[in-house]
file query-v3.cif (mmCIF, C-alpha atoms)
data_my_file
#
loop_
_atom_site.label_atom_id
_atom_site.label_comp_id
_atom_site.auth_asym_id
_atom_site.auth_seq_id
_atom_site.Cartn_x
_atom_site.Cartn_y
_atom_site.Cartn_z
CA MET I 27 -69.25 21.88 -124.37
CA THR I 28 -66.12 20.14 -123.05
CA THR I 29 -65.65 16.50 -122.08
CA VAL I 30 -65.89 17.28 -118.34
CA VAL I 31 -68.93 17.57 -116.04
CA ARG I 32 -69.11 18.62 -112.41
CA VAL I 33 -71.27 16.65 -109.97
CA ARG I 34 -72.47 18.41 -106.79
CA GLY I 35 -74.18 17.04 -103.68
CA LEU I 36 -72.19 13.83 -103.29
CA ALA I 37 -72.48 11.85 -100.05
CA PHE I 38 -69.25 11.88 -98.03
CA GLU I 39 -68.65 8.18 -98.68
CA THR I 40 -68.96 8.43 -102.48
CA THR I 41 -65.92 7.02 -104.30
CA GLU I 42 -64.57 7.71 -107.75
CA GLU I 43 -65.73 4.24 -108.78
CA ASP I 44 -69.26 5.16 -107.64
CA LEU I 45 -69.11 8.26 -109.82
CA MET I 46 -68.08 6.28 -112.88
CA THR I 47 -70.79 3.67 -112.26
CA PHE I 48 -73.42 6.40 -111.90
CA PHE I 49 -73.02 7.27 -115.57
CA THR I 50 -73.59 3.72 -116.78
CA GLY I 51 -73.99 3.53 -120.54
CA LEU I 52 -71.73 6.51 -121.23
CA PRO I 53 -68.01 6.27 -122.12
CA VAL I 54 -66.38 7.51 -118.87
CA THR I 55 -62.60 7.83 -118.91
CA SER I 56 -61.94 9.10 -115.35
CA ALA I 57 -63.54 10.49 -112.19
CA LEU I 58 -62.38 12.71 -109.33
CA VAL I 59 -63.81 13.23 -105.82
CA VAL I 60 -62.84 16.66 -104.43
CA TYR I 61 -61.66 17.19 -100.85
CA ASP I 62 -61.70 20.43 -98.87
CA ALA I 63 -58.91 22.05 -96.87
CA THR I 64 -59.53 19.75 -93.87
CA GLY I 65 -59.27 16.63 -95.98
CA ARG I 66 -62.99 15.87 -95.92
CA ALA I 67 -65.03 15.13 -99.01
CA SER I 68 -66.44 18.46 -100.19
CA GLY I 69 -69.52 17.02 -101.91
CA ASP I 70 -68.18 17.84 -105.37
CA GLY I 71 -66.79 15.57 -108.05
CA PHE I 72 -65.74 15.68 -111.69
CA VAL I 73 -66.17 13.11 -114.45
CA THR I 74 -64.36 13.09 -117.80
CA PHE I 75 -65.92 11.43 -120.83
CA ALA I 76 -64.49 10.14 -124.08
CA ASP I 77 -66.09 12.96 -126.09
CA ALA I 78 -68.17 16.11 -125.73
CA GLU I 79 -71.33 14.37 -126.94
CA ALA I 80 -71.13 11.91 -124.04
CA ALA I 81 -70.56 14.77 -121.58
CA LYS I 82 -73.64 16.51 -122.96
CA SER I 83 -75.67 13.33 -122.46
CA ALA I 84 -74.41 13.17 -118.87
CA LEU I 85 -76.30 16.38 -118.10
CA GLY I 86 -79.47 14.28 -118.39
CA PHE I 87 -78.46 12.62 -115.07
CA ASN I 88 -79.05 15.91 -113.24
CA LYS I 89 -81.08 15.51 -110.01
CA GLN I 90 -80.97 11.73 -110.09
CA HIS I 91 -79.99 9.71 -107.01
CA LEU I 92 -76.42 8.56 -106.50
CA GLY I 93 -76.58 6.34 -103.46
CA ARG I 94 -78.68 7.99 -100.76
CA ARG I 95 -78.59 11.51 -102.21
CA TYR I 96 -79.73 13.16 -105.40
CA VAL I 97 -76.99 15.06 -107.19
CA GLU I 98 -76.71 17.98 -109.59
CA VAL I 99 -74.72 17.70 -112.82
CA PHE I 100 -73.22 20.75 -114.56
CA ASP I 101 -71.07 21.46 -117.57
CA SER I 102 -67.46 22.09 -116.49
CA THR I 103 -63.93 22.43 -117.86
CA PRO I 104 -60.60 20.58 -117.50
CA GLU I 105 -59.17 23.77 -115.96
CA GLU I 106 -61.77 23.85 -113.18
CA MET I 107 -61.22 20.16 -112.47
CA THR I 108 -57.43 20.59 -112.33
CA SER I 109 -57.75 23.55 -109.97
CA LYS I 110 -59.99 21.64 -107.56
CA ALA I 111 -57.76 18.56 -107.71
CA SER I 112 -54.70 20.63 -106.82
CA LEU I 113 -56.41 21.99 -103.73
CA GLY I 114 -57.44 18.51 -102.64
CA HIS I 115 -54.00 17.03 -103.14
CA ALA I 116 -52.37 19.88 -101.24
CA ALA I 117 -54.73 19.36 -98.32
CA ALA I 118 -54.09 15.62 -98.30
CA ALA I 119 -50.33 16.15 -98.43
CA ALA I 120 -50.47 18.60 -95.53
CA GLN I 121 -52.35 16.07 -93.43
CA GLU I 122 -50.03 13.16 -94.15
CA THR I 123 -47.69 14.46 -91.46
CA ASP I 124 -50.29 14.90 -88.70
CA SER I 125 -51.71 11.37 -88.37
CA VAL I 126 -54.96 12.80 -86.95
CA LEU I 127 -58.51 11.60 -87.54
CA ARG I 128 -61.65 13.61 -86.81
CA LEU I 129 -64.73 11.73 -85.57
CA ARG I 130 -68.23 13.04 -86.17
CA GLY I 131 -71.59 11.76 -84.89
CA LEU I 132 -70.47 10.68 -81.40
CA PRO I 133 -72.95 10.41 -78.54
CA TYR I 134 -72.87 13.65 -76.55
CA ASP I 135 -72.03 11.73 -73.36
CA VAL I 136 -69.15 9.79 -74.90
CA THR I 137 -66.02 9.49 -72.76
CA ILE I 138 -62.36 9.51 -73.74
CA PRO I 139 -61.88 5.87 -72.62
CA GLN I 140 -64.75 4.81 -74.90
CA VAL I 141 -63.03 6.43 -77.88
CA THR I 142 -59.70 4.85 -76.88
CA GLU I 143 -61.34 1.42 -76.67
CA PHE I 144 -62.93 1.96 -80.09
CA PHE I 145 -59.42 2.23 -81.55
CA ASP I 146 -57.97 -0.71 -79.61
CA GLY I 147 -55.02 -2.14 -81.54
CA TYR I 148 -54.11 1.14 -83.26
CA GLY I 149 -51.71 2.51 -80.66
CA VAL I 150 -54.15 5.04 -79.18
CA GLY I 151 -54.13 5.96 -75.49
CA ASP I 152 -56.41 8.28 -73.52
CA GLY I 153 -53.89 11.09 -73.95
CA HIS I 154 -54.28 10.91 -77.74
CA VAL I 155 -58.00 11.77 -77.69
CA THR I 156 -59.50 15.27 -77.65
CA LEU I 157 -63.27 15.63 -77.31
CA GLY I 158 -64.87 18.48 -79.24
CA ILE I 159 -66.70 21.36 -77.59
CA THR I 160 -69.36 23.57 -79.20
CA ALA I 161 -67.69 26.95 -79.60
CA ASP I 162 -70.65 29.33 -79.69
CA GLY I 163 -74.42 29.68 -79.65
CA LYS I 164 -76.80 28.50 -76.95
CA PHE I 165 -74.95 25.17 -76.69
CA ALA I 166 -71.52 26.76 -76.26
CA GLY I 167 -69.33 24.75 -73.92
CA LYS I 168 -71.32 21.55 -74.39
CA PRO I 169 -70.02 18.43 -76.18
CA SER I 170 -70.20 18.81 -79.96
CA GLY I 171 -70.37 15.11 -80.87
CA GLU I 172 -66.91 15.34 -82.44
CA ALA I 173 -63.45 14.20 -81.38
CA TRP I 174 -59.89 14.22 -82.66
CA VAL I 175 -57.53 11.26 -82.31
CA GLN I 176 -53.75 11.44 -82.77
CA PHE I 177 -52.24 8.18 -84.06
CA PRO I 178 -48.59 7.11 -83.75
CA SER I 179 -48.22 7.07 -87.54
CA GLN I 180 -50.07 8.00 -90.72
CA ASP I 181 -50.27 4.31 -91.67
CA LEU I 182 -52.15 3.51 -88.45
CA ALA I 183 -54.46 6.50 -88.97
CA THR I 184 -55.24 5.37 -92.50
CA ALA I 185 -55.84 1.78 -91.39
CA ALA I 186 -58.11 2.91 -88.55
CA GLN I 187 -60.17 5.09 -90.87
CA SER I 188 -60.59 2.23 -93.33
CA ALA I 189 -61.60 -0.28 -90.65
CA LYS I 190 -63.68 1.90 -88.33
CA ASN I 191 -65.51 4.43 -90.48
CA GLY I 192 -69.27 3.92 -90.13
CA GLN I 193 -69.00 1.69 -87.04
CA SER I 194 -70.83 2.40 -83.79
CA ILE I 195 -69.83 3.97 -80.48
CA GLY I 196 -72.51 4.00 -77.82
CA GLY I 197 -75.27 3.10 -80.26
CA ARG I 198 -74.40 5.75 -82.87
CA TYR I 199 -72.43 5.21 -86.03
CA VAL I 200 -69.55 7.61 -86.47
CA GLU I 201 -67.83 9.14 -89.48
CA LEU I 202 -64.05 9.38 -89.67
CA PHE I 203 -62.14 11.98 -91.68
CA PRO I 204 -58.46 12.85 -92.07
CA SER I 205 -57.72 15.99 -90.07
CA THR I 206 -54.87 18.03 -88.62
CA ALA I 207 -53.51 19.04 -85.23
CA ALA I 208 -54.28 22.64 -86.21
CA ASP I 209 -57.95 21.77 -86.78
CA ARG I 210 -58.08 20.05 -83.39
CA ASP I 211 -56.40 22.93 -81.55
CA SER I 212 -58.58 25.48 -83.33
CA ASN I 213 -61.69 23.91 -81.82
CA SER I 214 -60.25 24.19 -78.31
CA LEU I 215 -59.20 27.80 -78.82
CA LYS I 216 -62.58 28.85 -80.26
CA ALA I 217 -64.46 27.14 -77.43
CA ASP I 218 -62.26 28.90 -74.87
CA SER I 219 -62.33 32.37 -76.46
CA ASN I 220 -66.09 32.35 -77.13
CA ARG I 221 -67.25 31.11 -73.75
CA PRO I 222 -69.54 33.47 -71.80
CA LYS I 223 -67.82 35.79 -69.31
CA SER I 224 -69.63 34.05 -66.44
CA TRP I 225 -67.57 30.94 -67.24
CA LYS I 226 -64.29 32.56 -66.30
CA GLY I 227 -64.59 31.58 -62.69
CA GLY I 228 -62.92 33.62 -59.98
CA LYS I 229 -64.52 35.12 -56.92
CA GLY I 230 -68.25 34.52 -56.88
CA GLY I 231 -68.08 32.63 -60.18
CA GLY I 232 -70.80 29.96 -60.51
CA ALA I 233 -69.20 28.65 -63.69
CA PRO I 234 -70.23 25.34 -65.22
CA PHE I 235 -68.12 22.30 -64.31
CA GLY I 236 -67.15 24.02 -61.04
CA GLY I 237 -65.41 26.92 -62.79
CA LEU I 238 -63.15 24.75 -64.90
CA PRO I 239 -62.34 25.58 -68.52
CA PRO I 240 -65.04 24.44 -70.99
CA MET I 241 -63.50 21.03 -71.61
CA LEU I 242 -64.69 17.57 -70.66
CA HIS I 243 -63.40 16.07 -67.43
CA ALA I 244 -64.79 12.60 -68.06
CA GLY I 245 -63.93 9.38 -66.33
CA ARG I 246 -64.93 5.94 -67.57
CA GLY I 247 -68.68 5.75 -67.94
CA SER I 248 -69.30 9.30 -66.68
CA GLY I 249 -70.29 12.64 -68.08
CA PRO I 250 -68.77 16.00 -67.16
CA VAL I 251 -67.90 16.21 -63.46
CA VAL I 252 -69.62 19.06 -61.63
CA GLY I 253 -68.34 20.45 -58.35
CA GLY I 254 -65.23 22.63 -58.00
CA SER I 255 -64.02 20.94 -54.80
CA GLN I 256 -63.19 17.84 -56.85
CA ALA I 257 -60.84 19.85 -59.04
CA VAL I 258 -57.17 20.62 -58.51
CA LYS I 259 -55.25 23.26 -60.43
CA ILE I 260 -51.61 22.47 -61.24
CA ARG I 261 -49.13 25.26 -61.93
CA GLY I 262 -45.56 25.04 -63.18
CA LEU I 263 -45.97 22.04 -65.47
CA PRO I 264 -43.29 21.35 -68.10
CA PHE I 265 -44.49 22.74 -71.42
CA SER I 266 -43.97 19.33 -73.06
CA VAL I 267 -45.99 17.40 -70.48
CA THR I 268 -48.83 15.11 -71.59
CA GLU I 269 -52.09 14.14 -69.88
CA ALA I 270 -50.71 10.62 -69.38
CA GLU I 271 -47.62 11.97 -67.59
CA VAL I 272 -49.77 14.06 -65.26
CA ALA I 273 -51.89 11.01 -64.47
CA GLN I 274 -48.74 8.97 -63.77
CA PHE I 275 -47.55 11.72 -61.38
CA PHE I 276 -50.35 10.80 -58.97
CA ALA I 277 -49.72 7.03 -59.15
CA PRO I 278 -49.73 4.70 -57.35
CA GLU I 279 -51.23 6.53 -54.37
CA ILE I 280 -54.13 8.03 -56.36
CA PRO I 281 -54.68 6.23 -59.65
CA ILE I 282 -56.42 8.42 -62.23
CA SER I 283 -57.01 8.30 -65.97
CA PRO I 284 -55.50 10.77 -68.45
CA ALA I 285 -59.13 11.56 -69.29
CA GLN I 286 -59.39 13.33 -65.93
CA VAL I 287 -56.61 15.75 -66.90
CA THR I 288 -57.01 18.98 -68.88
CA LEU I 289 -53.96 20.92 -70.04
CA THR I 290 -54.77 24.56 -70.74
CA ARG I 291 -53.37 26.47 -73.70
CA GLY I 292 -52.52 30.07 -74.46
CA PRO I 293 -53.74 32.17 -77.42
CA ASP I 294 -51.05 30.61 -79.63
CA GLY I 295 -52.42 27.13 -78.99
CA ARG I 296 -49.44 26.01 -76.92
CA HIS I 297 -49.63 24.49 -73.46
CA ASN I 298 -49.07 27.28 -70.93
CA GLY I 299 -47.79 25.29 -67.94
CA THR I 300 -51.15 25.04 -66.19
CA GLY I 301 -53.59 22.15 -65.95
CA PHE I 302 -56.58 20.84 -64.05
CA VAL I 303 -57.33 17.40 -62.64
CA THR I 304 -60.84 16.33 -61.68
CA PHE I 305 -60.81 13.68 -58.95
CA ALA I 306 -63.55 11.27 -57.92
CA SER I 307 -64.27 13.19 -54.70
CA ALA I 308 -63.28 16.27 -52.76
CA ASN I 309 -61.47 14.08 -50.22
CA GLN I 310 -59.39 12.51 -52.98
CA ALA I 311 -58.56 15.95 -54.38
CA SER I 312 -57.46 17.13 -50.91
CA ARG I 313 -55.27 14.06 -50.45
CA ALA I 314 -53.66 14.65 -53.84
CA VAL I 315 -52.69 18.17 -52.79
CA ASP I 316 -51.25 16.92 -49.47
CA LEU I 317 -49.17 14.24 -51.21
CA LYS I 318 -48.00 15.98 -54.35
CA ASN I 319 -47.85 19.74 -53.82
CA ARG I 320 -44.35 21.09 -54.59
CA GLN I 321 -43.16 17.69 -55.81
CA TYR I 322 -41.23 17.30 -59.06
CA LEU I 323 -42.97 16.33 -62.28
CA GLY I 324 -40.19 15.82 -64.78
CA SER I 325 -37.63 18.58 -64.32
CA ARG I 326 -39.97 21.05 -62.59
CA TYR I 327 -41.66 21.13 -59.22
CA VAL I 328 -45.34 21.91 -59.41
CA GLU I 329 -47.89 23.64 -57.22
CA LEU I 330 -51.29 22.11 -56.55
CA LEU I 331 -54.29 24.23 -55.55
CA GLN I 332 -57.63 22.67 -54.67
CA GLU I 333 -60.43 24.67 -56.29
CA THR I 334 -63.57 25.82 -54.51
CA GLY I 335 -67.18 25.83 -55.68
CA GLY I 336 -66.73 29.39 -56.93
CA GLY I 337 -64.26 28.28 -59.57
CA PRO I 338 -60.54 28.75 -60.09
CA ALA I 339 -58.88 32.11 -59.82
CA TYR I 340 -57.21 32.26 -63.18
CA GLY I 341 -55.07 35.24 -62.32
CA GLY I 342 -53.33 33.45 -59.42
#

call {"tool": "encode", "arguments": {"input": "query-v3.cif", "output": "structure tokens"}}
result
Amino acid sequence: MTTVVRVRGLAFETTEEDLMTFFTGLPVTSALVVYDATGRASGDGFVTFADAEAAKSALGFNKQHLGRRYVEVFDSTPEEMTSKASLGHAAAAAQETDSVLRLRGLPYDVTIPQVTEFFDGYGVGDGHVTLGITADGKFAGKPSGEAWVQFPSQDLATAAQSAKNGQSIGGRYVELFPSTAADRDSNSLKADSNRPKSWKGGKGGGAPFGGLPPMLHAGRGSGPVVGGSQAVKIRGLPFSVTEAEVAQFFAPEIPISPAQVTLTRGPDGRHNGTGFVTFASANQASRAVDLKNRQYLGSRYVELLQETGGGPAYGG
């Protein structure tokens, strides 16, 4: 028997102080909460005691409640604890450079502007928010209740997580975790690659959201927009363009939100020069094409094609 025990089944919000307090009456010297490769609490923790006898006594806390969950307590070793800690620290270090938070527990009809407003004061605009899509199963293509938010700096991301974790959006409390741009982009790629063939649009398509890619085209206070005639495909975009820049391209004649813009990506996760804009009506979409087709956006002129109810022709 060593001086270390492993605790499994921890709630995501459990802290190292909570772990130490859990073993009240025993001489605890340190505690560790383990994080997985995405930076989220894994549900495991380790506690080190002053001596092996105390660690043995700690096994008597097995299947007792720590906060809202009962936990399991096992004999462990310093080597196992060090190995798990190294993985957690590496994941945290990798995420320090991304300044991304992942939100879980969102209402399924949440909009990008609602998420932006939730983070008011933290430098977040509509173009910094990506709503999650269920990648597979019978709910494939539908909102997953998750989102990713890119902050201007890691300090702002950390401050936002501290202040906003557990607060409510649309009547539901949400959980915030450190994440990465790769995690965010992976969700979009999986949702796109796993969508049913009938979603690909084209002649005779009948795809959801008017044949658009399986992403949310949400304006303030609305759900997904249905009806292909409201959608405009844009080709020839600069590869570095943002949703906010596309929205600005249509101003002031046709003011839109970045939330109405979707930039499509290739298999490597990079923007491929194509995007879609969902307008408030078919007439507005038609006017946008008349005003902006073959105009310059940045250094490149772009082509605008109004989609039809059958969905976009991706090959064109």

call {"tool": "closest_residue", "arguments": {"input": "query-v3.cif", "among": "I:Gly35, I:Tyr199, I:Arg313, I:Ile260", "to": "I:Leu331", "atoms": "all atoms listed in the file"}}
result
I:Ile260

call {"tool": "closest_residue", "arguments": {"input": "query-v3.cif", "among": "I:Asp44, I:Val30, I:Val126, I:Gln140", "to": "I:Glu79", "atoms": "only C-alpha atoms"}}
result
I:Val30

call {"tool": "atom_distance", "arguments": {"input": "query-v3.cif", "atom1": "atom CA of I:Leu182", "atom2": "atom CA of I:Glu271"}}
result
23.0 Å

call {"tool": "residues_around", "arguments": {"input": "query-v3.cif", "residues": "I:Ala84", "least_positions_apart": "4", "cutoff": "8 Å", "atoms": "all atoms listed in the file", "output": "PDB file with C-alpha atoms, in the coordinates of the input"}}
result
ATOM      1  CA  VAL I  31     -68.930  17.570-116.040  1.00  0.00           C
ATOM      2  CA  PHE I  49     -73.020   7.270-115.570  1.00  0.00           C
ATOM      3  CA  LEU I  52     -71.730   6.510-121.230  1.00  0.00           C
ATOM      4  CA  ALA I  80     -71.130  11.910-124.040  1.00  0.00           C
ATOM      5  CA  ASN I  88     -79.050  15.910-113.240  1.00  0.00           C
ATOM      6  CA  VAL I  99     -74.720  17.700-112.820  1.00  0.00           C
TER       7      VAL I  99
END

call {"tool": "closest_residue", "arguments": {"input": "query-v3.cif", "among": "I:Ala270, I:Ala285, I:Ala257, I:Leu85", "to": "I:Asn309", "atoms": "only C-alpha atoms"}}
result
I:Ala257

call {"tool": "atom_distance", "arguments": {"input": "query-v3.cif", "atom1": "atom CA of I:Pro169", "atom2": "atom CA of I:Thr288"}}
result
14.9 Å

call {"tool": "atom_distance", "arguments": {"input": "query-v3.cif", "atom1": "atom CA of I:Gly158", "atom2": "atom CA of I:Gly69"}}
result
23.2 Å

call {"tool": "resolve_selection", "arguments": {"input": "query-v3.cif", "expression": "the PyMOL selection byres ((chain I and resi 290) around 6)", "output": "tab-separated table (two decimals) with C-alpha atoms, in the coordinates of the input"}}
result
chain	number	residue	atom	x	y	z
I	289	LEU	CA	-53.96	20.92	-70.04
I	291	ARG	CA	-53.37	26.47	-73.70
I	297	HIS	CA	-49.63	24.49	-73.46
I	300	THR	CA	-51.15	25.04	-66.19
I	301	GLY	CA	-53.59	22.15	-65.95

call {"tool": "residues_around", "arguments": {"input": "query-v3.cif", "residues": "I:Arg128", "least_positions_apart": "5", "cutoff": "8 Å", "atoms": "only C-alpha atoms", "output": "ChimeraX atom specification"}}
result
/I:172-175,202-205

call {"tool": "write_last_selection", "arguments": {"input": "query-v3.cif", "atoms": "C-alpha atoms", "output": "PDB file, in the frame of the given file"}}
result
ATOM      1  CA  GLU I 172     -66.910  15.340 -82.440  1.00  0.00           C
ATOM      2  CA  ALA I 173     -63.450  14.200 -81.380  1.00  0.00           C
ATOM      3  CA  TRP I 174     -59.890  14.220 -82.660  1.00  0.00           C
ATOM      4  CA  VAL I 175     -57.530  11.260 -82.310  1.00  0.00           C
ATOM      5  CA  LEU I 202     -64.050   9.380 -89.670  1.00  0.00           C
ATOM      6  CA  PHE I 203     -62.140  11.980 -91.680  1.00  0.00           C
ATOM      7  CA  PRO I 204     -58.460  12.850 -92.070  1.00  0.00           C
ATOM      8  CA  SER I 205     -57.720  15.990 -90.070  1.00  0.00           C
TER       9      SER I 205
END

call {"tool": "residues_around", "arguments": {"input": "query-v3.cif", "residues": "I:Leu132", "least_positions_apart": "5", "cutoff": "9 Å", "atoms": "all atoms listed in the file", "output": "list in words"}}
result
Ser170, Gly171, Glu172, Ala173, Ser194, Ile195, Gly196, Arg198, Tyr199, Val200 and Glu201 of chain I
